[in-house]
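A.B. asks: Got a file for you: run_28.cif, mmCIF, N, CA and C atoms.
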```cif
data_data
loop_
_atom_site.label_atom_id
_atom_site.label_comp_id
_atom_site.auth_asym_id
_atom_site.auth_seq_id
_atom_site.Cartn_x
_atom_site.Cartn_y
_atom_site.Cartn_z
N MET A 1 0.84 -1.19 0.00
CA MET A 1 0.00 0.00 0.00
C MET A 1 0.88 1.25 0.00
N ILE A 2 0.51 2.18 -0.81
CA ILE A 2 1.27 3.42 -0.91
C ILE A 2 0.78 4.39 0.16
N GLY A 3 1.71 4.92 0.93
CA GLY A 3 1.36 5.89 1.97
C GLY A 3 1.52 7.31 1.48
N ASP A 4 1.05 8.24 2.31
CA ASP A 4 1.14 9.67 1.98
C ASP A 4 2.57 10.08 1.64
N LYS A 5 3.52 9.62 2.47
CA LYS A 5 4.91 10.00 2.28
C LYS A 5 5.43 9.47 0.95
N ASN A 6 5.08 8.24 0.61
CA ASN A 6 5.53 7.65 -0.64
C ASN A 6 4.98 8.40 -1.85
N ILE A 7 3.75 8.86 -1.79
CA ILE A 7 3.16 9.63 -2.89
C ILE A 7 3.94 10.93 -3.09
N CYS A 8 4.25 11.61 -2.00
CA CYS A 8 5.00 12.87 -2.10
C CYS A 8 6.40 12.62 -2.65
N ILE A 9 7.04 11.54 -2.20
CA ILE A 9 8.37 11.20 -2.70
C ILE A 9 8.29 10.87 -4.19
N LEU A 10 7.27 10.11 -4.59
CA LEU A 10 7.10 9.76 -6.00
C LEU A 10 6.89 11.02 -6.85
N LEU A 11 6.08 11.96 -6.37
CA LEU A 11 5.88 13.22 -7.10
C LEU A 11 7.20 13.97 -7.25
N LYS A 12 7.99 14.01 -6.20
CA LYS A 12 9.30 14.69 -6.26
C LYS A 12 10.21 14.00 -7.27
N CYS A 13 10.20 12.65 -7.28
CA CYS A 13 11.02 11.91 -8.24
C CYS A 13 10.59 12.19 -9.67
N ILE A 14 9.28 12.27 -9.90
CA ILE A 14 8.76 12.56 -11.23
C ILE A 14 9.21 13.94 -11.69
N THR A 15 9.08 14.94 -10.81
CA THR A 15 9.47 16.30 -11.21
C THR A 15 10.97 16.40 -11.45
N THR A 16 11.75 15.66 -10.67
CA THR A 16 13.20 15.64 -10.88
C THR A 16 13.53 15.04 -12.24
N GLU A 17 12.91 13.92 -12.57
CA GLU A 17 13.16 13.27 -13.87
C GLU A 17 12.71 14.16 -15.03
N ILE A 18 11.55 14.80 -14.88
CA ILE A 18 11.08 15.71 -15.92
C ILE A 18 12.11 16.82 -16.15
N GLY A 19 12.61 17.39 -15.06
CA GLY A 19 13.61 18.46 -15.17
C GLY A 19 14.87 18.00 -15.87
N LYS A 20 15.37 16.82 -15.49
CA LYS A 20 16.59 16.30 -16.12
C LYS A 20 16.39 16.03 -17.61
N LYS A 21 15.26 15.43 -17.95
CA LYS A 21 14.99 15.08 -19.35
C LYS A 21 14.79 16.35 -20.19
N LYS A 22 14.09 17.34 -19.64
CA LYS A 22 13.90 18.60 -20.37
C LYS A 22 15.23 19.32 -20.56
N ASN A 23 16.06 19.34 -19.53
CA ASN A 23 17.37 19.98 -19.66
C ASN A 23 18.18 19.33 -20.77
N ALA A 24 18.15 18.00 -20.81
CA ALA A 24 18.89 17.28 -21.86
C ALA A 24 18.30 17.56 -23.24
N LEU A 25 16.97 17.56 -23.34
CA LEU A 25 16.29 17.78 -24.62
C LEU A 25 16.60 19.15 -25.20
N PHE A 26 16.62 20.18 -24.36
CA PHE A 26 16.77 21.54 -24.85
C PHE A 26 18.21 22.07 -24.80
N SER A 27 19.13 21.24 -24.35
CA SER A 27 20.53 21.68 -24.32
C SER A 27 21.05 21.99 -25.72
N LYS A 28 20.47 21.36 -26.74
CA LYS A 28 20.90 21.62 -28.13
C LYS A 28 20.66 23.07 -28.54
N TYR A 29 19.74 23.75 -27.85
CA TYR A 29 19.48 25.17 -28.12
C TYR A 29 20.25 26.08 -27.17
N GLY A 30 20.96 25.47 -26.22
CA GLY A 30 21.70 26.26 -25.23
C GLY A 30 20.81 26.82 -24.14
N ILE A 31 19.68 26.14 -23.88
CA ILE A 31 18.76 26.60 -22.84
C ILE A 31 18.39 25.44 -21.92
N THR A 32 17.86 25.78 -20.76
CA THR A 32 17.40 24.77 -19.80
C THR A 32 15.93 24.45 -20.06
N GLY A 33 15.45 23.45 -19.37
CA GLY A 33 14.04 23.08 -19.48
C GLY A 33 13.11 24.22 -19.08
N PHE A 34 13.42 24.90 -17.97
CA PHE A 34 12.57 26.01 -17.53
C PHE A 34 12.63 27.17 -18.52
N GLN A 35 13.82 27.42 -19.05
CA GLN A 35 13.93 28.48 -20.07
C GLN A 35 13.09 28.13 -21.29
N SER A 36 13.03 26.84 -21.65
CA SER A 36 12.20 26.44 -22.79
C SER A 36 10.73 26.70 -22.51
N ASP A 37 10.32 26.46 -21.26
CA ASP A 37 8.93 26.74 -20.87
C ASP A 37 8.60 28.23 -21.05
N ILE A 38 9.52 29.07 -20.63
CA ILE A 38 9.31 30.53 -20.74
C ILE A 38 9.26 30.95 -22.21
N LEU A 39 10.20 30.45 -23.01
CA LEU A 39 10.21 30.83 -24.43
C LEU A 39 8.95 30.33 -25.14
N ALA A 40 8.49 29.13 -24.81
CA ALA A 40 7.25 28.62 -25.41
C ALA A 40 6.06 29.47 -24.98
N PHE A 41 6.04 29.89 -23.71
CA PHE A 41 4.97 30.76 -23.20
C PHE A 41 4.95 32.09 -23.96
N LEU A 42 6.13 32.67 -24.16
CA LEU A 42 6.22 33.92 -24.91
C LEU A 42 5.79 33.71 -26.36
N TYR A 43 6.20 32.60 -26.95
CA TYR A 43 5.86 32.29 -28.34
C TYR A 43 4.35 32.13 -28.51
N ARG A 44 3.72 31.45 -27.55
CA ARG A 44 2.27 31.23 -27.62
C ARG A 44 1.48 32.52 -27.38
N ASN A 45 2.11 33.48 -26.72
CA ASN A 45 1.43 34.74 -26.37
C ASN A 45 2.10 35.92 -27.04
N ILE A 46 2.56 35.73 -28.24
CA ILE A 46 3.34 36.74 -28.96
C ILE A 46 2.56 38.05 -29.14
N ASP A 47 1.25 37.95 -29.19
CA ASP A 47 0.42 39.14 -29.43
C ASP A 47 0.03 39.87 -28.14
N LYS A 48 0.54 39.41 -27.00
CA LYS A 48 0.19 40.02 -25.70
C LYS A 48 1.43 40.59 -25.03
N ASP A 49 1.20 41.55 -24.15
CA ASP A 49 2.29 42.03 -23.31
C ASP A 49 2.43 41.06 -22.15
N ILE A 50 3.60 40.47 -22.01
CA ILE A 50 3.88 39.53 -20.94
C ILE A 50 4.90 40.19 -20.01
N TYR A 51 4.58 40.18 -18.72
CA TYR A 51 5.45 40.76 -17.72
C TYR A 51 6.03 39.66 -16.83
N GLN A 52 7.06 40.01 -16.09
CA GLN A 52 7.69 39.02 -15.21
C GLN A 52 6.67 38.39 -14.28
N ARG A 53 5.77 39.17 -13.76
CA ARG A 53 4.74 38.66 -12.83
C ARG A 53 3.88 37.59 -13.52
N ASP A 54 3.59 37.75 -14.80
CA ASP A 54 2.82 36.74 -15.54
C ASP A 54 3.55 35.40 -15.56
N ILE A 55 4.85 35.47 -15.75
CA ILE A 55 5.67 34.24 -15.79
C ILE A 55 5.72 33.61 -14.40
N GLU A 56 5.89 34.44 -13.37
CA GLU A 56 5.90 33.93 -12.00
C GLU A 56 4.60 33.21 -11.69
N ASN A 57 3.48 33.82 -12.06
CA ASN A 57 2.17 33.22 -11.79
C ASN A 57 1.93 31.96 -12.61
N MET A 58 2.32 31.99 -13.86
CA MET A 58 2.09 30.85 -14.74
C MET A 58 2.83 29.61 -14.25
N PHE A 59 4.08 29.78 -13.85
CA PHE A 59 4.91 28.64 -13.48
C PHE A 59 5.07 28.46 -11.98
N LYS A 60 4.38 29.29 -11.20
CA LYS A 60 4.43 29.20 -9.73
C LYS A 60 5.87 29.24 -9.23
N LYS A 61 6.61 30.21 -9.75
CA LYS A 61 8.02 30.38 -9.36
C LYS A 61 8.18 31.72 -8.68
N SER A 62 9.19 31.82 -7.81
CA SER A 62 9.42 33.05 -7.07
C SER A 62 10.04 34.13 -7.96
N ASN A 63 9.95 35.35 -7.48
CA ASN A 63 10.51 36.49 -8.20
C ASN A 63 12.00 36.32 -8.47
N PRO A 64 12.82 35.94 -7.47
CA PRO A 64 14.25 35.79 -7.76
C PRO A 64 14.56 34.71 -8.79
N VAL A 65 13.83 33.61 -8.77
CA VAL A 65 14.06 32.52 -9.73
C VAL A 65 13.76 33.00 -11.15
N VAL A 66 12.61 33.65 -11.32
CA VAL A 66 12.22 34.13 -12.65
C VAL A 66 13.13 35.26 -13.11
N SER A 67 13.45 36.16 -12.22
CA SER A 67 14.33 37.28 -12.56
C SER A 67 15.69 36.77 -13.05
N GLY A 68 16.28 35.83 -12.33
CA GLY A 68 17.57 35.27 -12.73
C GLY A 68 17.49 34.54 -14.06
N THR A 69 16.40 33.80 -14.26
CA THR A 69 16.22 33.06 -15.51
C THR A 69 16.07 34.02 -16.68
N LEU A 70 15.30 35.08 -16.48
CA LEU A 70 15.12 36.08 -17.53
C LEU A 70 16.44 36.80 -17.83
N ASP A 71 17.22 37.09 -16.78
CA ASP A 71 18.53 37.72 -16.98
C ASP A 71 19.41 36.85 -17.88
N ARG A 72 19.42 35.53 -17.62
CA ARG A 72 20.24 34.62 -18.42
C ARG A 72 19.72 34.52 -19.86
N LEU A 73 18.40 34.50 -20.02
CA LEU A 73 17.82 34.47 -21.37
C LEU A 73 18.16 35.75 -22.13
N GLU A 74 18.14 36.87 -21.44
CA GLU A 74 18.47 38.15 -22.08
C GLU A 74 19.95 38.18 -22.46
N LYS A 75 20.81 37.73 -21.56
CA LYS A 75 22.24 37.72 -21.83
C LYS A 75 22.57 36.80 -23.02
N ALA A 76 21.81 35.72 -23.17
CA ALA A 76 22.03 34.77 -24.28
C ALA A 76 21.37 35.23 -25.58
N GLY A 77 20.64 36.35 -25.53
CA GLY A 77 20.05 36.91 -26.74
C GLY A 77 18.70 36.33 -27.14
N PHE A 78 17.98 35.70 -26.18
CA PHE A 78 16.68 35.11 -26.49
C PHE A 78 15.50 36.04 -26.20
N ILE A 79 15.70 36.99 -25.30
CA ILE A 79 14.63 37.93 -24.96
C ILE A 79 15.19 39.34 -24.82
N TYR A 80 14.30 40.30 -24.84
CA TYR A 80 14.66 41.67 -24.46
C TYR A 80 13.48 42.22 -23.66
N ARG A 81 13.75 43.24 -22.89
CA ARG A 81 12.72 43.86 -22.05
C ARG A 81 12.44 45.24 -22.58
N GLU A 82 11.15 45.54 -22.68
CA GLU A 82 10.72 46.79 -23.29
C GLU A 82 9.79 47.51 -22.32
N LYS A 83 10.02 48.82 -22.14
CA LYS A 83 9.15 49.59 -21.25
C LYS A 83 7.71 49.54 -21.75
N SER A 84 6.80 49.36 -20.82
CA SER A 84 5.38 49.31 -21.15
C SER A 84 4.90 50.70 -21.58
N LEU A 85 4.06 50.72 -22.59
CA LEU A 85 3.48 51.99 -23.03
C LEU A 85 2.44 52.48 -22.03
N ASN A 86 1.82 51.53 -21.32
CA ASN A 86 0.77 51.87 -20.36
C ASN A 86 1.31 52.33 -19.01
N ASP A 87 2.43 51.75 -18.59
CA ASP A 87 2.98 52.06 -17.27
C ASP A 87 4.49 51.88 -17.32
N SER A 88 5.22 52.97 -17.26
CA SER A 88 6.67 52.92 -17.45
C SER A 88 7.41 52.20 -16.31
N ARG A 89 6.70 51.86 -15.23
CA ARG A 89 7.33 51.09 -14.15
C ARG A 89 7.53 49.63 -14.55
N TYR A 90 6.79 49.19 -15.55
CA TYR A 90 6.83 47.78 -15.97
C TYR A 90 7.53 47.64 -17.30
N ARG A 91 8.19 46.48 -17.44
CA ARG A 91 8.85 46.17 -18.71
C ARG A 91 8.31 44.84 -19.20
N SER A 92 7.80 44.84 -20.42
CA SER A 92 7.29 43.60 -20.99
C SER A 92 8.46 42.77 -21.52
N ILE A 93 8.25 41.47 -21.51
CA ILE A 93 9.27 40.53 -21.96
C ILE A 93 8.94 40.14 -23.39
N LYS A 94 9.87 40.33 -24.29
CA LYS A 94 9.66 40.05 -25.71
C LYS A 94 10.70 39.05 -26.22
N PRO A 95 10.30 38.10 -27.06
CA PRO A 95 11.28 37.20 -27.65
C PRO A 95 12.04 37.91 -28.78
N THR A 96 13.30 37.60 -28.92
CA THR A 96 14.10 38.15 -30.01
C THR A 96 13.89 37.30 -31.27
N ILE A 97 14.47 37.75 -32.36
CA ILE A 97 14.44 36.97 -33.61
C ILE A 97 15.02 35.58 -33.35
N LYS A 98 16.11 35.54 -32.60
CA LYS A 98 16.76 34.26 -32.27
C LYS A 98 15.76 33.31 -31.59
N ALA A 99 14.97 33.81 -30.66
CA ALA A 99 13.98 32.98 -29.96
C ALA A 99 12.84 32.59 -30.88
N LEU A 100 12.41 33.53 -31.72
CA LEU A 100 11.31 33.24 -32.64
C LEU A 100 11.70 32.17 -33.67
N GLU A 101 12.97 32.14 -34.05
CA GLU A 101 13.43 31.14 -35.02
C GLU A 101 13.32 29.72 -34.49
N ILE A 102 13.47 29.55 -33.17
CA ILE A 102 13.37 28.21 -32.59
C ILE A 102 12.05 28.01 -31.83
N GLY A 103 11.23 29.05 -31.76
CA GLY A 103 10.00 29.01 -30.98
C GLY A 103 9.05 27.89 -31.34
N GLU A 104 8.82 27.69 -32.62
CA GLU A 104 7.89 26.62 -33.05
C GLU A 104 8.45 25.25 -32.71
N ASN A 105 9.75 25.06 -32.88
CA ASN A 105 10.38 23.78 -32.52
C ASN A 105 10.24 23.52 -31.02
N ILE A 106 10.50 24.53 -30.22
CA ILE A 106 10.39 24.37 -28.77
C ILE A 106 8.95 24.05 -28.38
N ARG A 107 8.01 24.79 -28.94
CA ARG A 107 6.60 24.54 -28.63
C ARG A 107 6.21 23.11 -28.98
N ARG A 108 6.60 22.66 -30.15
CA ARG A 108 6.26 21.32 -30.61
C ARG A 108 6.92 20.25 -29.72
N GLU A 109 8.20 20.45 -29.42
CA GLU A 109 8.91 19.48 -28.58
C GLU A 109 8.32 19.42 -27.17
N LEU A 110 7.92 20.56 -26.62
CA LEU A 110 7.28 20.56 -25.30
C LEU A 110 5.92 19.86 -25.35
N ASP A 111 5.15 20.12 -26.42
CA ASP A 111 3.86 19.44 -26.56
C ASP A 111 4.04 17.92 -26.60
N ASN A 112 5.05 17.47 -27.34
CA ASN A 112 5.34 16.04 -27.40
C ASN A 112 5.84 15.52 -26.06
N PHE A 113 6.68 16.31 -25.40
CA PHE A 113 7.25 15.91 -24.11
C PHE A 113 6.16 15.72 -23.06
N TYR A 114 5.20 16.63 -23.05
CA TYR A 114 4.14 16.59 -22.04
C TYR A 114 2.94 15.73 -22.45
N ASN A 115 3.05 15.00 -23.54
CA ASN A 115 1.94 14.20 -24.04
C ASN A 115 1.72 12.98 -23.13
N LEU A 116 0.69 13.05 -22.31
CA LEU A 116 0.37 11.94 -21.41
C LEU A 116 -0.58 10.93 -22.04
N LYS A 117 -1.09 11.25 -23.23
CA LYS A 117 -2.08 10.37 -23.87
C LYS A 117 -1.52 9.00 -24.21
N GLU A 118 -0.20 8.89 -24.25
CA GLU A 118 0.42 7.60 -24.55
C GLU A 118 0.33 6.64 -23.38
N VAL A 119 0.18 7.17 -22.17
CA VAL A 119 0.15 6.30 -20.99
C VAL A 119 -1.14 6.38 -20.19
N LEU A 120 -1.92 7.44 -20.43
CA LEU A 120 -3.17 7.62 -19.67
C LEU A 120 -4.33 7.91 -20.61
N SER A 121 -5.51 7.45 -20.22
CA SER A 121 -6.71 7.77 -20.98
C SER A 121 -7.13 9.20 -20.65
N LYS A 122 -8.06 9.75 -21.44
CA LYS A 122 -8.56 11.11 -21.18
C LYS A 122 -9.17 11.19 -19.79
N GLU A 123 -9.90 10.15 -19.40
CA GLU A 123 -10.54 10.13 -18.08
C GLU A 123 -9.49 10.11 -16.97
N GLU A 124 -8.44 9.31 -17.18
CA GLU A 124 -7.36 9.24 -16.19
C GLU A 124 -6.64 10.58 -16.08
N ILE A 125 -6.43 11.24 -17.21
CA ILE A 125 -5.77 12.55 -17.20
C ILE A 125 -6.62 13.55 -16.42
N LYS A 126 -7.93 13.57 -16.67
CA LYS A 126 -8.82 14.48 -15.95
C LYS A 126 -8.80 14.20 -14.45
N LYS A 127 -8.86 12.94 -14.09
CA LYS A 127 -8.85 12.54 -12.68
C LYS A 127 -7.53 12.93 -12.03
N LEU A 128 -6.41 12.65 -12.71
CA LEU A 128 -5.10 13.00 -12.19
C LEU A 128 -4.97 14.51 -12.01
N GLU A 129 -5.42 15.27 -12.99
CA GLU A 129 -5.36 16.73 -12.89
C GLU A 129 -6.17 17.21 -11.69
N TYR A 130 -7.35 16.66 -11.51
CA TYR A 130 -8.19 17.02 -10.37
C TYR A 130 -7.47 16.73 -9.05
N LEU A 131 -6.90 15.53 -8.94
CA LEU A 131 -6.23 15.12 -7.71
C LEU A 131 -4.97 15.96 -7.45
N LEU A 132 -4.21 16.24 -8.49
CA LEU A 132 -3.01 17.06 -8.30
C LEU A 132 -3.36 18.49 -7.91
N LYS A 133 -4.40 19.04 -8.50
CA LYS A 133 -4.84 20.38 -8.10
C LYS A 133 -5.29 20.39 -6.65
N LYS A 134 -5.98 19.34 -6.26
CA LYS A 134 -6.43 19.22 -4.87
C LYS A 134 -5.23 19.15 -3.92
N MET A 135 -4.22 18.37 -4.30
CA MET A 135 -3.01 18.28 -3.48
C MET A 135 -2.28 19.62 -3.45
N TYR A 136 -2.20 20.30 -4.60
CA TYR A 136 -1.53 21.59 -4.65
C TYR A 136 -2.23 22.60 -3.75
N ASP A 137 -3.55 22.66 -3.83
CA ASP A 137 -4.30 23.57 -2.97
C ASP A 137 -4.05 23.27 -1.50
N TYR A 138 -3.95 21.99 -1.16
CA TYR A 138 -3.68 21.59 0.22
C TYR A 138 -2.29 22.09 0.64
N THR A 139 -1.30 21.95 -0.24
CA THR A 139 0.05 22.39 0.12
C THR A 139 0.11 23.89 0.38
N LEU A 140 -0.76 24.64 -0.26
CA LEU A 140 -0.79 26.09 -0.03
C LEU A 140 -1.31 26.43 1.37
N LYS A 141 -2.06 25.53 1.96
CA LYS A 141 -2.65 25.76 3.28
C LYS A 141 -1.72 25.33 4.41
N ILE A 142 -0.73 24.50 4.09
CA ILE A 142 0.19 24.00 5.12
C ILE A 142 1.05 25.16 5.62
N ILE A 143 1.19 25.24 6.91
CA ILE A 143 1.98 26.33 7.53
C ILE A 143 3.45 25.98 7.52
#
```
Could you write out this file's structure as structure tokens?

C.D. replies:
Amino acid sequence: MIGDKNICILLKCITTEIGKKKNALFSKYGITGFQSDILAFLYRNIDKDIYQRDIENMFKKSNPVVSGTLDRLEKAGFIYREKSLNDSRYRSIKPTIKALEIGENIRRELDNFYNLKEVLSKEEIKKLEYLLKKMYDYTLKII
């Protein structure tokens, strides 16, 4: 029988493996797995102003983690920051030509990477999503 502790350990092992595999997959572009997530997010939302806070909220990452990741993406020439026309205190994150050239490949590779349909039915995916959201909400309540 699987206990509470084993489920949490298994979830941690899964996220660790996902991170390692994504890092290996996207190393050919000179980016990490998380950087690929950000570039795909920007690519999918090319027509919108995306701010650092949007990325933090989307990926549930802290300000320092996202800030450092964006700094590295900017230094590598994948993004640039542009002052908002609506509020000069904010800078929107924009992909560069370099990022746009690989954007479709990254999006496609991430879609394939996250494809659970090969191992789970639609019903199982819905149930798993429900249970994981329930667990996530619970973790937010833990002191």

A.B. asks: Find the residue from A:Ser67, A:Asp47, A:Lys75, A:Tyr80 that sits nearest to Gly30 of chain A; use only C-alpha atoms when measuring.

C.D. replies: A:Lys75

A.B. asks: Kindly give the distance, in Å, that separates atom N of Glu109 of chain A and atom C of Asp54 of chain A, rounded to a single decimal.

C.D. replies: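 Going from atom N of Glu109 of chain A over to atom C of Asp54 of chain A covers 20.9 Å.
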
A.B. asks: At what distance in Å, to one decimal, does atom CA of Leu85 of chain A lie from atom CA of Pro64 of chain A?

C.D. replies: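 Interatomic distance here is 24.7 Å.
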
A.B. asks: Could you tell me how far atom CA of Tyr138 of chain A sits from atom CA of Glu118 of chain A, in Å to one decimal place?

C.D. replies: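 We find that atom CA of Glu118 of chain A and atom CA of Tyr138 of chain A lie 28.7 Å from each other.
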
A.B. asks: Go through A:Ile50, A:Lys98, A:Arg89, A:Lys60 and flag the residue nearest Gly77 of chain A, using all atoms listed in the file for the distances.

C.D. replies: A:Lys98

A.B. asks: Taking the DSSP assignment computed from this structure's backbone, write out as a PyMOL selection string all residues of segment 10-126 of chain A that belong to strand (DSSP E or B).

C.D. replies: chain A and resi 51+79-83+91-95

A.B. asks: Show me as a ChimeraX atom specification the residues that reach within 10 Å of (8.8, 33.9, -14.8), counting only C-alpha atoms and using the file's own coordinates.

C.D. replies: /A:34-35,37-38,41,50-70,93

A.B. asks: Can you pull out every residue within 8 Å of segment 42-45 of chain A, counting all atoms listed in the file, but drop anything in the same chain fewer than 3 positions away, and send it as a PyMOL selection string?

C.D. replies: chain A and resi 36-39+48-50+93-95+99-100+103-104+107

A.B. asks: Any chance you can output those residues with N, CA and C atoms as a tab-separated table (two decimals), keeping the file's coordinate frame?

C.D. replies:
```tsv
chain	number	residue	atom	x	y	z
A	36	SER	N	13.03	26.84	-21.65
A	36	SER	CA	12.20	26.44	-22.79
A	36	SER	C	10.73	26.70	-22.51
A	37	ASP	N	10.32	26.46	-21.26
A	37	ASP	CA	8.93	26.74	-20.87
A	37	ASP	C	8.60	28.23	-21.05
A	38	ILE	N	9.52	29.07	-20.63
A	38	ILE	CA	9.31	30.53	-20.74
A	38	ILE	C	9.26	30.95	-22.21
A	39	LEU	N	10.20	30.45	-23.01
A	39	LEU	CA	10.21	30.83	-24.43
A	39	LEU	C	8.95	30.33	-25.14
A	48	LYS	N	0.54	39.41	-27.00
A	48	LYS	CA	0.19	40.02	-25.70
A	48	LYS	C	1.43	40.59	-25.03
A	49	ASP	N	1.20	41.55	-24.15
A	49	ASP	CA	2.29	42.03	-23.31
A	49	ASP	C	2.43	41.06	-22.15
A	50	ILE	N	3.60	40.47	-22.01
A	50	ILE	CA	3.88	39.53	-20.94
A	50	ILE	C	4.90	40.19	-20.01
A	93	ILE	N	8.25	41.47	-21.51
A	93	ILE	CA	9.27	40.53	-21.96
A	93	ILE	C	8.94	40.14	-23.39
A	94	LYS	N	9.87	40.33	-24.29
A	94	LYS	CA	9.66	40.05	-25.71
A	94	LYS	C	10.70	39.05	-26.22
A	95	PRO	N	10.30	38.10	-27.06
A	95	PRO	CA	11.28	37.20	-27.65
A	95	PRO	C	12.04	37.91	-28.78
A	99	ALA	N	14.97	33.81	-30.66
A	99	ALA	CA	13.98	32.98	-29.96
A	99	ALA	C	12.84	32.59	-30.88
A	100	LEU	N	12.41	33.53	-31.72
A	100	LEU	CA	11.31	33.24	-32.64
A	100	LEU	C	11.70	32.17	-33.67
A	103	GLY	N	11.23	29.05	-31.76
A	103	GLY	CA	10.00	29.01	-30.98
A	103	GLY	C	9.05	27.89	-31.34
A	104	GLU	N	8.82	27.69	-32.62
A	104	GLU	CA	7.89	26.62	-33.05
A	104	GLU	C	8.45	25.25	-32.71
A	107	ARG	N	8.01	24.79	-28.94
A	107	ARG	CA	6.60	24.54	-28.63
A	107	ARG	C	6.21	23.11	-28.98
```

A.B. asks: Taking the file as shown, what set of residues would the PyMOL selection byres (((chain A and resi 23 and name CA) around 12) and name CA) give back, as a PDB file with N, CA and C atoms, in the coordinates of the input?

C.D. replies:
```pdb
ATOM      1  N   THR A  16      11.750  15.660 -10.670  1.00  0.00           N
ATOM      2  CA  THR A  16      13.200  15.640 -10.880  1.00  0.00           C
ATOM      3  C   THR A  16      13.530  15.040 -12.240  1.00  0.00           C
ATOM      4  N   GLU A  17      12.910  13.920 -12.570  1.00  0.00           N
ATOM      5  CA  GLU A  17      13.160  13.270 -13.870  1.00  0.00           C
ATOM      6  C   GLU A  17      12.710  14.160 -15.030  1.00  0.00           C
ATOM      7  N   ILE A  18      11.550  14.800 -14.880  1.00  0.00           N
ATOM      8  CA  ILE A  18      11.080  15.710 -15.920  1.00  0.00           C
ATOM      9  C   ILE A  18      12.110  16.820 -16.150  1.00  0.00           C
ATOM     10  N   GLY A  19      12.610  17.390 -15.060  1.00  0.00           N
ATOM     11  CA  GLY A  19      13.610  18.460 -15.170  1.00  0.00           C
ATOM     12  C   GLY A  19      14.870  18.000 -15.870  1.00  0.00           C
ATOM     13  N   LYS A  20      15.370  16.820 -15.490  1.00  0.00           N
ATOM     14  CA  LYS A  20      16.590  16.300 -16.120  1.00  0.00           C
ATOM     15  C   LYS A  20      16.390  16.030 -17.610  1.00  0.00           C
ATOM     16  N   LYS A  21      15.260  15.430 -17.950  1.00  0.00           N
ATOM     17  CA  LYS A  21      14.990  15.080 -19.350  1.00  0.00           C
ATOM     18  C   LYS A  21      14.790  16.350 -20.190  1.00  0.00           C
ATOM     19  N   LYS A  22      14.090  17.340 -19.640  1.00  0.00           N
ATOM     20  CA  LYS A  22      13.900  18.600 -20.370  1.00  0.00           C
ATOM     21  C   LYS A  22      15.230  19.320 -20.560  1.00  0.00           C
ATOM     22  N   ALA A  24      18.150  18.000 -20.810  1.00  0.00           N
ATOM     23  CA  ALA A  24      18.890  17.280 -21.860  1.00  0.00           C
ATOM     24  C   ALA A  24      18.300  17.560 -23.240  1.00  0.00           C
ATOM     25  N   LEU A  25      16.970  17.560 -23.340  1.00  0.00           N
ATOM     26  CA  LEU A  25      16.290  17.780 -24.620  1.00  0.00           C
ATOM     27  C   LEU A  25      16.600  19.150 -25.200  1.00  0.00           C
ATOM     28  N   PHE A  26      16.620  20.180 -24.360  1.00  0.00           N
ATOM     29  CA  PHE A  26      16.770  21.540 -24.850  1.00  0.00           C
ATOM     30  C   PHE A  26      18.210  22.070 -24.800  1.00  0.00           C
ATOM     31  N   SER A  27      19.130  21.240 -24.350  1.00  0.00           N
ATOM     32  CA  SER A  27      20.530  21.680 -24.320  1.00  0.00           C
ATOM     33  C   SER A  27      21.050  21.990 -25.720  1.00  0.00           C
ATOM     34  N   LYS A  28      20.470  21.360 -26.740  1.00  0.00           N
ATOM     35  CA  LYS A  28      20.900  21.620 -28.130  1.00  0.00           C
ATOM     36  C   LYS A  28      20.660  23.070 -28.540  1.00  0.00           C
ATOM     37  N   TYR A  29      19.740  23.750 -27.850  1.00  0.00           N
ATOM     38  CA  TYR A  29      19.480  25.170 -28.120  1.00  0.00           C
ATOM     39  C   TYR A  29      20.250  26.080 -27.170  1.00  0.00           C
ATOM     40  N   GLY A  30      20.960  25.470 -26.220  1.00  0.00           N
ATOM     41  CA  GLY A  30      21.700  26.260 -25.230  1.00  0.00           C
ATOM     42  C   GLY A  30      20.810  26.820 -24.140  1.00  0.00           C
ATOM     43  N   ILE A  31      19.680  26.140 -23.880  1.00  0.00           N
ATOM     44  CA  ILE A  31      18.760  26.600 -22.840  1.00  0.00           C
ATOM     45  C   ILE A  31      18.390  25.440 -21.920  1.00  0.00           C
ATOM     46  N   THR A  32      17.860  25.780 -20.760  1.00  0.00           N
ATOM     47  CA  THR A  32      17.400  24.770 -19.800  1.00  0.00           C
ATOM     48  C   THR A  32      15.930  24.450 -20.060  1.00  0.00           C
ATOM     49  N   GLY A  33      15.450  23.450 -19.370  1.00  0.00           N
ATOM     50  CA  GLY A  33      14.040  23.080 -19.480  1.00  0.00           C
ATOM     51  C   GLY A  33      13.110  24.220 -19.080  1.00  0.00           C
ATOM     52  N   PHE A  34      13.420  24.900 -17.970  1.00  0.00           N
ATOM     53  CA  PHE A  34      12.570  26.010 -17.530  1.00  0.00           C
ATOM     54  C   PHE A  34      12.630  27.170 -18.520  1.00  0.00           C
ATOM     55  N   GLN A  35      13.820  27.420 -19.050  1.00  0.00           N
ATOM     56  CA  GLN A  35      13.930  28.480 -20.070  1.00  0.00           C
ATOM     57  C   GLN A  35      13.090  28.130 -21.290  1.00  0.00           C
ATOM     58  N   SER A  36      13.030  26.840 -21.650  1.00  0.00           N
ATOM     59  CA  SER A  36      12.200  26.440 -22.790  1.00  0.00           C
ATOM     60  C   SER A  36      10.730  26.700 -22.510  1.00  0.00           C
ATOM     61  N   ASP A  37      10.320  26.460 -21.260  1.00  0.00           N
ATOM     62  CA  ASP A  37       8.930  26.740 -20.870  1.00  0.00           C
ATOM     63  C   ASP A  37       8.600  28.230 -21.050  1.00  0.00           C
ATOM     64  N   LEU A 110       7.920  20.560 -26.620  1.00  0.00           N
ATOM     65  CA  LEU A 110       7.280  20.560 -25.300  1.00  0.00           C
ATOM     66  C   LEU A 110       5.920  19.860 -25.350  1.00  0.00           C
ATOM     67  N   PHE A 113       6.680  16.310 -25.400  1.00  0.00           N
ATOM     68  CA  PHE A 113       7.250  15.910 -24.110  1.00  0.00           C
ATOM     69  C   PHE A 113       6.160  15.720 -23.060  1.00  0.00           C
TER      70      PHE A 113
END
```
